[in-house]
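S.K.: Here it is, the structure in full.
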Amino acid sequence: MFIQGFYNAGSNIQVSDTINVKLRNTVSPYAVVDNSPAVVSSSGIAVLSFSIAPAGTYYLAITHRNSIETWSSAGVVLTSGSYNLSTASTQAYGSNLMQVDTSPLRFAVYGGDQNQDGFVNLTDVVNVYNNASGFVDGYKSTDMNGDNITDLTDVVLTYNNSLNFVSVKRP
Ligand SMILES: [Ca+2]
Ligand SMILES: [Ca+2]
Ligand SMILES: [Ca+2]
């Protein structure tokens, strides 16, 4: 998987960061069965470890500090070994991925959800803008491209996604 602002289409790699993946039942209310924190690498690989969930089929629900929560398009057989969220937008529920590269063709989870409420909207834009005004540095939820600085670049990404009403899509 790749993260919108963290991905560089020129170098074909991304800034590595921490994510979290929940296993959720495939029937309503899609209860959380297990959970795995992980680090997604610069090449988009995250190794997950689930010790609680029995064998079965589950949705994957992926979160990241400032990305839109993104679900797999359908249930995934837990023992299948891997799931690729980067090859097509349809890999995510509701096709909720954006294309970030043409060569190779790659899709990423949307950034911009600074406050992790499932929507990219004016609240996120204002929060990012406030930190950008102060040139806040370090590991922050307002840093949308992972360069450890919150500045206008991060505001623009958030603003653009808010214009497109980017939000969580889930069953
Ligand atoms: Ca490229
Ligand atoms: Ca938000
Ligand atoms: Ca930044």
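In the structure tokens, chains take the letters A, B, ... in the order shown, each chain's residues start at 1, and ligands count up from 1 in the order shown.
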Produce a table with one row for each residue of chain A that has an atom at most 12 Å from any atom of ligand 2, each row naming the nearest atom pair and its distance in Å at one decimal; use only C-alpha atoms and all ligand atoms; arrange rows by chain and rising residue number; format as a Markdown table.

M.R.:
| residue | atom | partner | partner_atom_place_in_ligand_line | distance |
| --- | --- | --- | --- | --- |
| A:Arg65 | CA | ligand 2 | 1 (Ca) | 11.0 |
| A:Asn66 | CA | ligand 2 | 1 (Ca) | 8.4 |
| A:Ser67 | CA | ligand 2 | 1 (Ca) | 9.0 |
| A:Ile68 | CA | ligand 2 | 1 (Ca) | 8.1 |
| A:Glu69 | CA | ligand 2 | 1 (Ca) | 10.4 |
| A:Tyr110 | CA | ligand 2 | 1 (Ca) | 11.6 |
| A:Gly111 | CA | ligand 2 | 1 (Ca) | 9.9 |
| A:Gly112 | CA | ligand 2 | 1 (Ca) | 7.1 |
| A:Asp113 | CA | ligand 2 | 1 (Ca) | 4.1 |
| A:Gln114 | CA | ligand 2 | 1 (Ca) | 5.4 |
| A:Asn115 | CA | ligand 2 | 1 (Ca) | 4.7 |
| A:Gln116 | CA | ligand 2 | 1 (Ca) | 5.1 |
| A:Asp117 | CA | ligand 2 | 1 (Ca) | 4.7 |
| A:Gly118 | CA | ligand 2 | 1 (Ca) | 5.6 |
| A:Phe119 | CA | ligand 2 | 1 (Ca) | 4.3 |
| A:Val120 | CA | ligand 2 | 1 (Ca) | 4.5 |
| A:Asn121 | CA | ligand 2 | 1 (Ca) | 5.8 |
| A:Leu122 | CA | ligand 2 | 1 (Ca) | 8.0 |
| A:Thr123 | CA | ligand 2 | 1 (Ca) | 6.4 |
| A:Asp124 | CA | ligand 2 | 1 (Ca) | 5.2 |
| A:Val125 | CA | ligand 2 | 1 (Ca) | 8.6 |
| A:Val126 | CA | ligand 2 | 1 (Ca) | 10.4 |
| A:Asn127 | CA | ligand 2 | 1 (Ca) | 9.6 |
| A:Val128 | CA | ligand 2 | 1 (Ca) | 10.7 |
| A:Ser141 | CA | ligand 2 | 1 (Ca) | 10.9 |
| A:Thr142 | CA | ligand 2 | 1 (Ca) | 11.0 |
| A:Thr158 | CA | ligand 2 | 1 (Ca) | 9.5 |
| A:Tyr159 | CA | ligand 2 | 1 (Ca) | 11.3 |
| A:Asn161 | CA | ligand 2 | 1 (Ca) | 10.5 |
| A:Ser162 | CA | ligand 2 | 1 (Ca) | 9.0 |
| A:Phe165 | CA | ligand 2 | 1 (Ca) | 10.4 |
| A:Val166 | CA | ligand 2 | 1 (Ca) | 9.4 |
| A:Ser167 | CA | ligand 2 | 1 (Ca) | 8.3 |
| A:Val168 | CA | ligand 2 | 1 (Ca) | 9.8 |

S.K.: Just C-alpha atoms for this one: save the residues we selected as a PDB file, in the first residue's frame.

M.R.:
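Below is the file that was written, again_18.pdb:
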ATOM      1  CA  ARG A  65      -2.095   9.060  11.215  1.00  0.00           C
ATOM      2  CA  ASN A  66      -3.621  11.414   8.646  1.00  0.00           C
ATOM      3  CA  SER A  67      -5.038   9.258   5.857  1.00  0.00           C
ATOM      4  CA  ILE A  68      -8.646   8.342   5.216  1.00  0.00           C
ATOM      5  CA  GLU A  69      -9.510   4.991   6.767  1.00  0.00           C
ATOM      6  CA  TYR A 110      -6.095   9.406   0.428  1.00  0.00           C
ATOM      7  CA  GLY A 111      -4.383  11.781   2.843  1.00  0.00           C
ATOM      8  CA  GLY A 112      -5.860  14.819   4.537  1.00  0.00           C
ATOM      9  CA  ASP A 113      -7.853  13.388   7.429  1.00  0.00           C
ATOM     10  CA  GLN A 114      -5.867  15.175  10.119  1.00  0.00           C
ATOM     11  CA  ASN A 115      -8.369  14.575  12.915  1.00  0.00           C
ATOM     12  CA  GLN A 116      -9.229  10.992  11.856  1.00  0.00           C
ATOM     13  CA  ASP A 117     -13.001  11.461  11.791  1.00  0.00           C
ATOM     14  CA  GLY A 118     -13.434   9.808   8.394  1.00  0.00           C
ATOM     15  CA  PHE A 119     -13.836  13.005   6.391  1.00  0.00           C
ATOM     16  CA  VAL A 120     -11.442  15.459   4.794  1.00  0.00           C
ATOM     17  CA  ASN A 121     -13.106  18.801   5.305  1.00  0.00           C
ATOM     18  CA  LEU A 122     -12.604  22.369   6.475  1.00  0.00           C
ATOM     19  CA  THR A 123     -11.724  21.289  10.018  1.00  0.00           C
ATOM     20  CA  ASP A 124      -8.696  19.399   8.695  1.00  0.00           C
ATOM     21  CA  VAL A 125      -7.727  22.283   6.420  1.00  0.00           C
ATOM     22  CA  VAL A 126      -7.856  24.746   9.323  1.00  0.00           C
ATOM     23  CA  ASN A 127      -5.836  22.473  11.609  1.00  0.00           C
ATOM     24  CA  VAL A 128      -3.143  21.958   8.967  1.00  0.00           C
ATOM     25  CA  SER A 141      -0.696  14.555  12.013  1.00  0.00           C
ATOM     26  CA  THR A 142      -0.670  17.806  10.038  1.00  0.00           C
ATOM     27  CA  THR A 158      -5.711  18.705   2.468  1.00  0.00           C
ATOM     28  CA  TYR A 159      -7.625  21.490   0.762  1.00  0.00           C
ATOM     29  CA  ASN A 161      -9.076  16.486  -0.953  1.00  0.00           C
ATOM     30  CA  SER A 162     -11.664  18.510   0.969  1.00  0.00           C
ATOM     31  CA  PHE A 165     -15.270  15.439  -0.388  1.00  0.00           C
ATOM     32  CA  VAL A 166     -12.861  12.578   0.304  1.00  0.00           C
ATOM     33  CA  SER A 167     -14.310  10.401   3.050  1.00  0.00           C
ATOM     34  CA  VAL A 168     -14.237   6.877   4.420  1.00  0.00           C
TER      35      VAL A 168
END

S.K.: Taking the DSSP assignment computed from this structure's backbone, write out as an mmCIF file with C-alpha atoms, in the first residue's frame all residues of stretch 49-169 of chain A that belong to helix (DSSP H, G or I).

M.R.:
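Heads up, here's the output in result-v1.cif:
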data_model
loop_
_atom_site.group_PDB
_atom_site.id
_atom_site.type_symbol
_atom_site.label_atom_id
_atom_site.label_comp_id
_atom_site.auth_asym_id
_atom_site.auth_seq_id
_atom_site.Cartn_x
_atom_site.Cartn_y
_atom_site.Cartn_z
ATOM 1 C CA LEU A 78 -6.914 -14.545 6.428
ATOM 2 C CA THR A 79 -4.595 -17.325 5.310
ATOM 3 C CA SER A 80 -4.240 -15.946 1.790
ATOM 4 C CA SER A 89 -8.619 1.646 -7.099
ATOM 5 C CA THR A 90 -11.076 -1.246 -6.958
ATOM 6 C CA GLN A 91 -8.839 -2.990 -4.428
ATOM 7 C CA TYR A 93 -14.089 -0.656 -0.814
ATOM 8 C CA GLY A 94 -15.903 1.970 -2.870
ATOM 9 C CA SER A 95 -12.798 2.331 -5.075
ATOM 10 C CA LEU A 122 -12.604 22.369 6.475
ATOM 11 C CA THR A 123 -11.724 21.289 10.018
ATOM 12 C CA ASP A 124 -8.696 19.399 8.695
ATOM 13 C CA VAL A 125 -7.727 22.283 6.420
ATOM 14 C CA VAL A 126 -7.856 24.746 9.323
ATOM 15 C CA ASN A 127 -5.836 22.473 11.609
ATOM 16 C CA VAL A 128 -3.143 21.958 8.967
ATOM 17 C CA TYR A 129 -3.168 25.646 8.109
ATOM 18 C CA ASN A 130 -2.680 26.614 11.749
ATOM 19 C CA ASN A 131 0.411 24.433 12.049
ATOM 20 C CA ALA A 132 1.675 25.584 8.655
ATOM 21 C CA SER A 133 1.388 29.197 9.793
ATOM 22 C CA LEU A 152 1.779 25.045 2.460
ATOM 23 C CA THR A 153 2.276 21.747 0.598
ATOM 24 C CA ASP A 154 0.359 19.978 3.352
ATOM 25 C CA VAL A 155 -2.378 22.623 3.333
ATOM 26 C CA VAL A 156 -2.824 22.275 -0.445
ATOM 27 C CA LEU A 157 -3.153 18.478 -0.322
ATOM 28 C CA THR A 158 -5.711 18.705 2.468
ATOM 29 C CA TYR A 159 -7.625 21.490 0.762
ATOM 30 C CA ASN A 160 -7.771 19.655 -2.574
ATOM 31 C CA ASN A 161 -9.076 16.486 -0.953
ATOM 32 C CA SER A 162 -11.664 18.510 0.969
ATOM 33 C CA LEU A 163 -12.893 19.970 -2.337
#

S.K.: Identify, counting only C-alpha atoms and all ligand atoms, the protein, DNA and RNA residues located within 6 Å of ligand 3, and give them as a CSV table (one decimal) with N, CA and C atoms, in the first residue's frame.

M.R.:
chain,number,residue,atom,x,y,z
A,143,ASP,N,1.3,16.8,9.0
A,143,ASP,CA,2.3,16.7,7.9
A,143,ASP,C,1.8,15.6,6.9
A,144,MET,N,1.3,16.1,5.8
A,144,MET,CA,0.6,15.2,4.9
A,144,MET,C,1.6,14.5,3.9
A,145,ASN,N,2.8,14.9,3.9
A,145,ASN,CA,3.8,14.3,2.9
A,145,ASN,C,5.0,13.7,3.6
A,146,GLY,N,5.0,13.7,4.9
A,146,GLY,CA,6.0,12.9,5.7
A,146,GLY,C,7.4,13.5,5.6
A,147,ASP,N,7.5,14.8,5.4
A,147,ASP,CA,8.8,15.4,5.4
A,147,ASP,C,9.1,16.1,6.7
A,148,ASN,N,8.3,15.8,7.7
A,148,ASN,CA,8.5,16.3,9.1
A,148,ASN,C,8.4,17.9,9.2
A,149,ILE,N,7.8,18.5,8.2
A,149,ILE,CA,7.5,19.9,8.3
A,149,ILE,C,6.0,20.1,7.9
A,150,THR,N,5.3,20.9,8.6
A,150,THR,CA,3.9,21.3,8.2
A,150,THR,C,4.0,22.6,7.5
A,151,ASP,N,3.7,22.6,6.2
A,151,ASP,CA,3.8,23.9,5.5
A,151,ASP,C,2.7,23.9,4.4
A,154,ASP,N,1.3,20.8,2.6
A,154,ASP,CA,0.4,20.0,3.4
A,154,ASP,C,-1.0,20.6,3.4

S.K.: For a test of reading the model, state the distance in Å between atom CA of A:Pro171 and atom CA of A:Tyr58, rounded to one decimal.

M.R.: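 Computed distance, atom CA of A:Pro171 to atom CA of A:Tyr58, equals 12.3 Å.
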
S.K.: Listing only residues of chain A within 6 Å of ligand 1, what is the closest atom pair and its distance in Å (to one decimal) for each, using only C-alpha atoms and all ligand atoms, sorted by chain and residue number ascending, as a Markdown table?

M.R.:
| residue | atom | partner | partner_atom_place_in_ligand_line | distance |
| --- | --- | --- | --- | --- |
| A:Ala9 | CA | ligand 1 | 1 (Ca) | 4.0 |
| A:Gly10 | CA | ligand 1 | 1 (Ca) | 4.8 |
| A:Asn12 | CA | ligand 1 | 1 (Ca) | 4.8 |
| A:Asp101 | CA | ligand 1 | 1 (Ca) | 5.3 |
| A:Ser103 | CA | ligand 1 | 1 (Ca) | 4.4 |
| A:Pro104 | CA | ligand 1 | 1 (Ca) | 5.6 |

S.K.: Store the residues picked out above, limited to C-alpha atoms, as a PDB file, in the first residue's frame.

M.R.:
ATOM      1  CA  ALA A   9       6.141   9.219  -8.409  1.00  0.00           C
ATOM      2  CA  GLY A  10       9.637  10.085  -9.579  1.00  0.00           C
ATOM      3  CA  ASN A  12       8.644   5.236  -7.038  1.00  0.00           C
ATOM      4  CA  ASP A 101       1.735   7.033 -10.446  1.00  0.00           C
ATOM      5  CA  SER A 103       4.758   4.090 -14.262  1.00  0.00           C
ATOM      6  CA  PRO A 104       4.369   1.789 -12.529  1.00  0.00           C
TER       7      PRO A 104
END

S.K.: Between A:Tyr7, A:Phe2, A:Phe50, A:Trp71, which one has atoms that come closest to A:Tyr30, using only C-alpha atoms?

M.R.: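 Ranked by minimum distance to A:Tyr30, first place goes to A:Trp71.
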
S.K.: Enumerate, as a count of residues only, the complete set of residues in stretch 6-170 of chain A that a backbone-based DSSP assignment places in strand (DSSP E or B).

M.R.: 52
